[in-house]
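Worksheet: the structure to be examined is printed underneath.
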Amino acid sequence: VLYMQAASKLLPELIAGFRAQHPEIRLAIIQEERPHSAQWDVCITSSRFSRPTARNRTLLRESILLAVPRDHPLAAKEQVRLESAANAPFIALHKGKALRELTDEYCRMAGFEPDIEVESDNPNVIRDLINLGIGVSMIPEITWHAREYDRQGNIKTLPIASPACKRYINLITPQRSYKPQAVQQFEDFLVAYFQQLQAD
């Protein structure tokens with residue numbers, strides 16, 4: 001059982017890749033609930049810092065970018081200070097989502113509370129709303145495929161010069177006396193998958 005707290009945009013690709021290698025192993029996925037650790041075997045989550053432990057491995061480090069419509073004044077820049085977006089309407093995930101908590105924290109570090117115009121749990125909806133000029137958003141560079149955003153006709157993604165906006169994608173495993181072979185194979189697949197993603 002995979003508990004997916006972060007990087008859910010990658011889920012179809014992850015499942016397809018693992019199934020291609022291990023068609024005999026069945027996967028179950030939890031996304032919305034907050035289950036007890038006894039209910040899952042592997043958790044993918046995110047954090048502002050990397051804190052490796054015996055049960056917590058960092059899979060990926062990625063920057064968080066500012067995505068703006070191409071007619072926005074900031075679109076002419078190559079990079080931005082986050083404070084320069086203080087007066088812009090924001091499109092964000094719902095409160096309680098790890099990425100939303102993190103981006104709100106970075107905005108506070110830049111000296112402002114974001115003016116949330118629209119909330120959505122769907123990265124594709126967020127992308128489409130930016131494309132329509134509704135507002136700006138902070139998006140993870142790798143796991144949200146920021147290059148795809150730049151290929152949209154009306155979106156430009158910008159590195160944030162200050163504060164240093166980044167997050168870590170982590171693999172957490174519960175404390176158990178026995179680990180099934182299928183779980184170990186899935187963990188090994190995840191480590192290799194995210195290593196390749198980082199390299200690309």
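Ligands are numbered from 1 in the order shown, residues from 1 within each chain, and chains are lettered A, B, ... in the order they appear in the structure tokens.
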
If you count only C-alpha atoms, which residues fall within 9 Å of A:Ser63, apart from same-chain ones fewer than 4 positions away, as a ChimeraX atom specification?
-> /A:139-142,159-160,164-168

Contacts of stretch 97-102 of chain A at 10 Å or less, counting only C-alpha atoms, minus same-chain residues fewer than 6 places along, as a PyMOL selection string?
-> chain A and resi 5-7+32+45-48+64+108+119+121+138-140+165-167

Report as a PDB file with C-alpha atoms, in the first residue's frame all protein, DNA and RNA residues lying within 12 Å of A:Asp200, evaluated on only C-alpha atoms, omitting residues in the same chain fewer than 2 positions from it.
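After the write, result27.pdb holds the following:
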ATOM      1  CA  LEU A  60      14.618  14.160  -4.730  1.00  0.00           C
ATOM      2  CA  GLU A 141      10.036  22.285 -10.883  1.00  0.00           C
ATOM      3  CA  ILE A 142      10.497  18.535 -11.360  1.00  0.00           C
ATOM      4  CA  THR A 143       7.491  16.696  -9.948  1.00  0.00           C
ATOM      5  CA  HIS A 145       6.917  19.029 -14.907  1.00  0.00           C
ATOM      6  CA  ARG A 147       8.847  22.486 -18.614  1.00  0.00           C
ATOM      7  CA  TYR A 193      12.859   6.251 -10.513  1.00  0.00           C
ATOM      8  CA  PHE A 194      13.525   9.450  -8.574  1.00  0.00           C
ATOM      9  CA  GLN A 195      17.282   9.225  -9.185  1.00  0.00           C
ATOM     10  CA  GLN A 196      16.583   9.173 -12.918  1.00  0.00           C
ATOM     11  CA  LEU A 197      14.093  12.022 -12.562  1.00  0.00           C
ATOM     12  CA  GLN A 198      16.692  14.128 -10.745  1.00  0.00           C
TER      13      GLN A 198
END

If you measure from atom CA of A:Ala67 to atom CA of A:Arg81, what distance in Å do you get, rounded to one decimal?
->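 Pair atom CA of A:Ala67 / atom CA of A:Arg81 returns 12.9 Å.
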
Using the chain letters and numbers from this document, which residues of stretch 81-132 of chain A does DSSP assign to strand (DSSP E), as a ChimeraX atom specification?
-> /A:81,89-92,115-119

For the selection just defined, write its residues with N, CA, C and O atoms to a file, as a PDB file, in the first residue's frame.
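Final file, out07.pdb:
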ATOM      1  N   ARG A  81      12.484  37.943  -7.118  1.00  0.00           N
ATOM      2  CA  ARG A  81      12.371  37.830  -5.673  1.00  0.00           C
ATOM      3  C   ARG A  81      10.892  37.586  -5.383  1.00  0.00           C
ATOM      4  O   ARG A  81      10.027  38.232  -5.984  1.00  0.00           O
ATOM      5  N   PRO A  89      -2.664  38.056  -7.554  1.00  0.00           N
ATOM      6  CA  PRO A  89      -3.588  37.005  -7.126  1.00  0.00           C
ATOM      7  C   PRO A  89      -2.933  35.638  -7.306  1.00  0.00           C
ATOM      8  O   PRO A  89      -2.310  35.379  -8.343  1.00  0.00           O
ATOM      9  N   PHE A  90      -3.053  34.780  -6.294  1.00  0.00           N
ATOM     10  CA  PHE A  90      -2.415  33.470  -6.327  1.00  0.00           C
ATOM     11  C   PHE A  90      -3.440  32.369  -6.577  1.00  0.00           C
ATOM     12  O   PHE A  90      -4.593  32.465  -6.164  1.00  0.00           O
ATOM     13  N   ILE A  91      -2.991  31.333  -7.255  1.00  0.00           N
ATOM     14  CA  ILE A  91      -3.739  30.087  -7.409  1.00  0.00           C
ATOM     15  C   ILE A  91      -2.953  29.035  -6.626  1.00  0.00           C
ATOM     16  O   ILE A  91      -1.743  28.910  -6.813  1.00  0.00           O
ATOM     17  N   ALA A  92      -3.636  28.310  -5.738  1.00  0.00           N
ATOM     18  CA  ALA A  92      -2.900  27.425  -4.836  1.00  0.00           C
ATOM     19  C   ALA A  92      -3.690  26.160  -4.548  1.00  0.00           C
ATOM     20  O   ALA A  92      -4.893  26.070  -4.817  1.00  0.00           O
ATOM     21  N   ASP A 115      -2.476  36.392  -1.563  1.00  0.00           N
ATOM     22  CA  ASP A 115      -3.894  36.640  -1.821  1.00  0.00           C
ATOM     23  C   ASP A 115      -4.392  35.503  -2.702  1.00  0.00           C
ATOM     24  O   ASP A 115      -4.200  35.510  -3.922  1.00  0.00           O
ATOM     25  N   ILE A 116      -5.032  34.499  -2.085  1.00  0.00           N
ATOM     26  CA  ILE A 116      -5.445  33.301  -2.814  1.00  0.00           C
ATOM     27  C   ILE A 116      -6.742  33.577  -3.565  1.00  0.00           C
ATOM     28  O   ILE A 116      -7.796  33.742  -2.965  1.00  0.00           O
ATOM     29  N   GLU A 117      -6.643  33.630  -4.883  1.00  0.00           N
ATOM     30  CA  GLU A 117      -7.804  33.889  -5.738  1.00  0.00           C
ATOM     31  C   GLU A 117      -8.624  32.622  -5.956  1.00  0.00           C
ATOM     32  O   GLU A 117      -9.849  32.650  -5.931  1.00  0.00           O
ATOM     33  N   VAL A 118      -7.913  31.501  -6.187  1.00  0.00           N
ATOM     34  CA  VAL A 118      -8.568  30.213  -6.453  1.00  0.00           C
ATOM     35  C   VAL A 118      -7.761  29.114  -5.777  1.00  0.00           C
ATOM     36  O   VAL A 118      -6.527  29.155  -5.789  1.00  0.00           O
ATOM     37  N   GLU A 119      -8.470  28.124  -5.203  1.00  0.00           N
ATOM     38  CA  GLU A 119      -7.828  26.928  -4.665  1.00  0.00           C
ATOM     39  C   GLU A 119      -8.261  25.714  -5.474  1.00  0.00           C
ATOM     40  O   GLU A 119      -9.430  25.606  -5.853  1.00  0.00           O
TER      41      GLU A 119
END

Residue with smallest distance to A:Gly135 - pool A:Arg26, A:Lys95, A:Lys156, A:His72, counting only C-alpha atoms | A:His72

From a DSSP pass on the backbone, collect the residues of stretch 40-107 of chain A flagged as helix (DSSP H, G or I) and hand them back as an mmCIF file with all heavy atoms, in the first residue's frame.
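This went into result-v8.cif:
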data_model
loop_
_atom_site.group_PDB
_atom_site.id
_atom_site.type_symbol
_atom_site.label_atom_id
_atom_site.label_comp_id
_atom_site.auth_asym_id
_atom_site.auth_seq_id
_atom_site.Cartn_x
_atom_site.Cartn_y
_atom_site.Cartn_z
ATOM 1 N N PRO A 73 3.641 41.503 -15.641
ATOM 2 C CA PRO A 73 4.881 42.298 -15.628
ATOM 3 C C PRO A 73 6.129 41.492 -15.237
ATOM 4 O O PRO A 73 7.224 41.761 -15.741
ATOM 5 C CB PRO A 73 4.589 43.389 -14.589
ATOM 6 C CG PRO A 73 3.107 43.528 -14.605
ATOM 7 C CD PRO A 73 2.560 42.156 -14.887
ATOM 8 N N LEU A 74 5.981 40.492 -14.380
ATOM 9 C CA LEU A 74 7.144 39.705 -13.955
ATOM 10 C C LEU A 74 7.646 38.761 -15.039
ATOM 11 O O LEU A 74 8.769 38.270 -14.966
ATOM 12 C CB LEU A 74 6.799 38.893 -12.701
ATOM 13 C CG LEU A 74 6.517 39.697 -11.426
ATOM 14 C CD1 LEU A 74 6.097 38.755 -10.302
ATOM 15 C CD2 LEU A 74 7.734 40.515 -11.021
ATOM 16 N N ALA A 75 6.841 38.513 -16.052
ATOM 17 C CA ALA A 75 7.225 37.554 -17.097
ATOM 18 C C ALA A 75 8.432 38.026 -17.902
ATOM 19 O O ALA A 75 9.100 37.214 -18.546
ATOM 20 C CB ALA A 75 6.044 37.296 -18.025
ATOM 21 N N ALA A 76 8.728 39.307 -17.861
ATOM 22 C CA ALA A 76 9.878 39.838 -18.601
ATOM 23 C C ALA A 76 11.200 39.529 -17.896
ATOM 24 O O ALA A 76 12.273 39.699 -18.484
ATOM 25 C CB ALA A 76 9.729 41.343 -18.783
ATOM 26 N N LEU A 82 10.604 36.682 -4.492
ATOM 27 C CA LEU A 82 9.211 36.310 -4.257
ATOM 28 C C LEU A 82 8.380 37.506 -3.806
ATOM 29 O O LEU A 82 7.198 37.620 -4.148
ATOM 30 C CB LEU A 82 9.135 35.173 -3.233
ATOM 31 C CG LEU A 82 7.749 34.553 -2.991
ATOM 32 C CD1 LEU A 82 7.122 34.086 -4.296
ATOM 33 C CD2 LEU A 82 7.857 33.394 -2.007
ATOM 34 N N GLU A 83 8.977 38.415 -3.083
ATOM 35 C CA GLU A 83 8.246 39.599 -2.593
ATOM 36 C C GLU A 83 7.670 40.426 -3.742
ATOM 37 O O GLU A 83 6.682 41.141 -3.563
ATOM 38 C CB GLU A 83 9.167 40.471 -1.740
ATOM 39 C CG GLU A 83 10.331 41.080 -2.511
ATOM 40 C CD GLU A 83 11.413 41.646 -1.604
ATOM 41 O OE1 GLU A 83 11.827 40.955 -0.661
ATOM 42 O OE2 GLU A 83 11.845 42.793 -1.873
ATOM 43 N N SER A 84 8.249 40.302 -4.938
ATOM 44 C CA SER A 84 7.747 41.081 -6.078
ATOM 45 C C SER A 84 6.374 40.583 -6.543
ATOM 46 O O SER A 84 5.702 41.260 -7.320
ATOM 47 C CB SER A 84 8.747 41.041 -7.236
ATOM 48 O OG SER A 84 8.926 39.726 -7.717
ATOM 49 N N ALA A 85 5.956 39.401 -6.057
ATOM 50 C CA ALA A 85 4.630 38.873 -6.411
ATOM 51 C C ALA A 85 3.610 39.114 -5.297
ATOM 52 O O ALA A 85 2.499 38.583 -5.349
ATOM 53 C CB ALA A 85 4.728 37.374 -6.694
ATOM 54 N N ALA A 98 0.595 19.560 1.956
ATOM 55 C CA ALA A 98 1.980 19.855 2.349
ATOM 56 C C ALA A 98 2.599 20.955 1.488
ATOM 57 O O ALA A 98 3.276 21.850 1.997
ATOM 58 C CB ALA A 98 2.820 18.577 2.269
ATOM 59 N N LEU A 99 2.357 20.902 0.180
ATOM 60 C CA LEU A 99 2.932 21.922 -0.703
ATOM 61 C C LEU A 99 2.342 23.289 -0.410
ATOM 62 O O LEU A 99 3.055 24.304 -0.412
ATOM 63 C CB LEU A 99 2.712 21.543 -2.166
ATOM 64 C CG LEU A 99 3.246 22.544 -3.197
ATOM 65 C CD1 LEU A 99 4.753 22.760 -3.039
ATOM 66 C CD2 LEU A 99 2.915 22.081 -4.611
ATOM 67 N N ARG A 100 1.048 23.358 -0.134
ATOM 68 C CA ARG A 100 0.418 24.649 0.198
ATOM 69 C C ARG A 100 1.015 25.229 1.480
ATOM 70 O O ARG A 100 1.314 26.435 1.557
ATOM 71 C CB ARG A 100 -1.095 24.461 0.345
ATOM 72 C CG ARG A 100 -1.837 25.648 0.949
ATOM 73 C CD ARG A 100 -1.810 26.896 0.047
ATOM 74 N NE ARG A 100 -2.461 28.005 0.722
ATOM 75 C CZ ARG A 100 -3.784 28.224 0.726
ATOM 76 N NH1 ARG A 100 -4.598 27.393 0.082
ATOM 77 N NH2 ARG A 100 -4.274 29.267 1.358
ATOM 78 N N GLU A 101 1.200 24.392 2.495
ATOM 79 C CA GLU A 101 1.794 24.875 3.745
ATOM 80 C C GLU A 101 3.205 25.411 3.490
ATOM 81 O O GLU A 101 3.604 26.439 4.049
ATOM 82 C CB GLU A 101 1.839 23.745 4.777
ATOM 83 C CG GLU A 101 0.483 23.168 5.158
ATOM 84 C CD GLU A 101 -0.486 24.213 5.675
ATOM 85 O OE1 GLU A 101 -0.069 25.041 6.508
ATOM 86 O OE2 GLU A 101 -1.654 24.223 5.250
ATOM 87 N N LEU A 102 3.937 24.722 2.624
ATOM 88 C CA LEU A 102 5.309 25.134 2.332
ATOM 89 C C LEU A 102 5.351 26.452 1.554
ATOM 90 O O LEU A 102 6.125 27.352 1.886
ATOM 91 C CB LEU A 102 6.010 24.029 1.544
ATOM 92 C CG LEU A 102 7.496 24.225 1.235
ATOM 93 C CD1 LEU A 102 8.298 24.377 2.522
ATOM 94 C CD2 LEU A 102 8.019 23.058 0.411
ATOM 95 N N THR A 103 4.495 26.584 0.529
ATOM 96 C CA THR A 103 4.518 27.822 -0.261
ATOM 97 C C THR A 103 4.015 29.002 0.562
ATOM 98 O O THR A 103 4.531 30.118 0.427
ATOM 99 C CB THR A 103 3.703 27.669 -1.563
ATOM 100 O OG1 THR A 103 2.375 27.252 -1.256
ATOM 101 C CG2 THR A 103 4.357 26.652 -2.496
ATOM 102 N N ASP A 104 3.029 28.773 1.436
ATOM 103 C CA ASP A 104 2.593 29.844 2.334
ATOM 104 C C ASP A 104 3.737 30.287 3.236
ATOM 105 O O ASP A 104 3.910 31.486 3.512
ATOM 106 C CB ASP A 104 1.408 29.381 3.191
ATOM 107 C CG ASP A 104 0.084 29.399 2.434
ATOM 108 O OD1 ASP A 104 0.070 29.817 1.255
ATOM 109 O OD2 ASP A 104 -0.935 28.989 3.026
ATOM 110 N N GLU A 105 4.520 29.313 3.708
ATOM 111 C CA GLU A 105 5.657 29.639 4.571
ATOM 112 C C GLU A 105 6.693 30.474 3.822
ATOM 113 O O GLU A 105 7.223 31.452 4.358
ATOM 114 C CB GLU A 105 6.298 28.353 5.101
ATOM 115 C CG GLU A 105 7.451 28.599 6.056
ATOM 116 C CD GLU A 105 8.040 27.316 6.624
ATOM 117 O OE1 GLU A 105 7.491 26.230 6.344
ATOM 118 O OE2 GLU A 105 9.056 27.402 7.340
ATOM 119 N N TYR A 106 6.968 30.119 2.573
ATOM 120 C CA TYR A 106 7.930 30.906 1.797
ATOM 121 C C TYR A 106 7.410 32.324 1.555
ATOM 122 O O TYR A 106 8.182 33.287 1.573
ATOM 123 C CB TYR A 106 8.250 30.200 0.476
ATOM 124 C CG TYR A 106 9.231 29.063 0.623
ATOM 125 C CD1 TYR A 106 8.978 27.812 0.074
ATOM 126 C CD2 TYR A 106 10.433 29.241 1.315
ATOM 127 C CE1 TYR A 106 9.886 26.769 0.211
ATOM 128 C CE2 TYR A 106 11.339 28.205 1.455
ATOM 129 C CZ TYR A 106 11.064 26.970 0.903
ATOM 130 O OH TYR A 106 11.966 25.936 1.048
ATOM 131 N N CYS A 107 6.112 32.467 1.322
ATOM 132 C CA CYS A 107 5.547 33.806 1.156
ATOM 133 C C CYS A 107 5.717 34.627 2.431
ATOM 134 O O CYS A 107 6.072 35.810 2.381
ATOM 135 C CB CYS A 107 4.076 33.727 0.758
ATOM 136 S SG CYS A 107 3.789 33.153 -0.933
#

Atom-to-atom span, atom CA of A:Thr157 and atom CA of A:Met4, Å |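 These atoms are spaced 25.5 Å apart.
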
Shell around A:Val191 at 9 Å using only C-alpha atoms, local window under 4 positions removed, as an MDAnalysis selection string | chainID A and resid 57:59 171 186:187 195:196

Emit the selected residues as a short mmCIF file (atom, residue, chain, number, x, y, z; two decimals), in the first residue's frame, including N, CA and C atoms.
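Just written: selection32.cif:
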data_model
loop_
_atom_site.label_atom_id
_atom_site.label_comp_id
_atom_site.auth_asym_id
_atom_site.auth_seq_id
_atom_site.Cartn_x
_atom_site.Cartn_y
_atom_site.Cartn_z
N ARG A 57 14.14 8.44 3.81
CA ARG A 57 15.18 8.67 2.80
C ARG A 57 14.74 9.80 1.85
N THR A 58 15.69 10.66 1.50
CA THR A 58 15.39 11.70 0.52
C THR A 58 15.50 11.12 -0.88
N LEU A 59 14.43 11.27 -1.66
CA LEU A 59 14.41 10.77 -3.03
C LEU A 59 14.81 11.83 -4.04
N LEU A 171 10.95 9.39 1.14
CA LEU A 171 10.37 8.06 1.22
C LEU A 171 10.39 7.63 2.68
N PHE A 186 9.33 -2.48 -4.46
CA PHE A 186 8.72 -1.18 -4.76
C PHE A 186 9.59 -0.04 -4.26
N GLU A 187 10.16 -0.17 -3.06
CA GLU A 187 11.08 0.84 -2.55
C GLU A 187 12.28 1.02 -3.49
N GLN A 195 15.90 8.92 -8.79
CA GLN A 195 17.28 9.22 -9.18
C GLN A 195 17.34 9.61 -10.66
N GLN A 196 16.62 8.86 -11.49
CA GLN A 196 16.58 9.17 -12.92
C GLN A 196 15.89 10.50 -13.17
#

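Of the listed residues (A:Cys43, A:Ala146, A:Ala28, A:Leu129), A:Cys43 comes nearest to A:Leu190; the distances count only C-alpha atoms.
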
Leaving out A:Phe18 and any residue of its chain fewer than 3 positions from it, which residues lie within 12 Å of it when counting only C-alpha atoms, given as JSON, numbers by chain?
-> {"A": [11, 12, 13, 14, 15, 21, 22, 23, 24, 25, 26, 27, 182, 183, 185, 186, 187, 188, 189, 190, 191, 192, 193]}
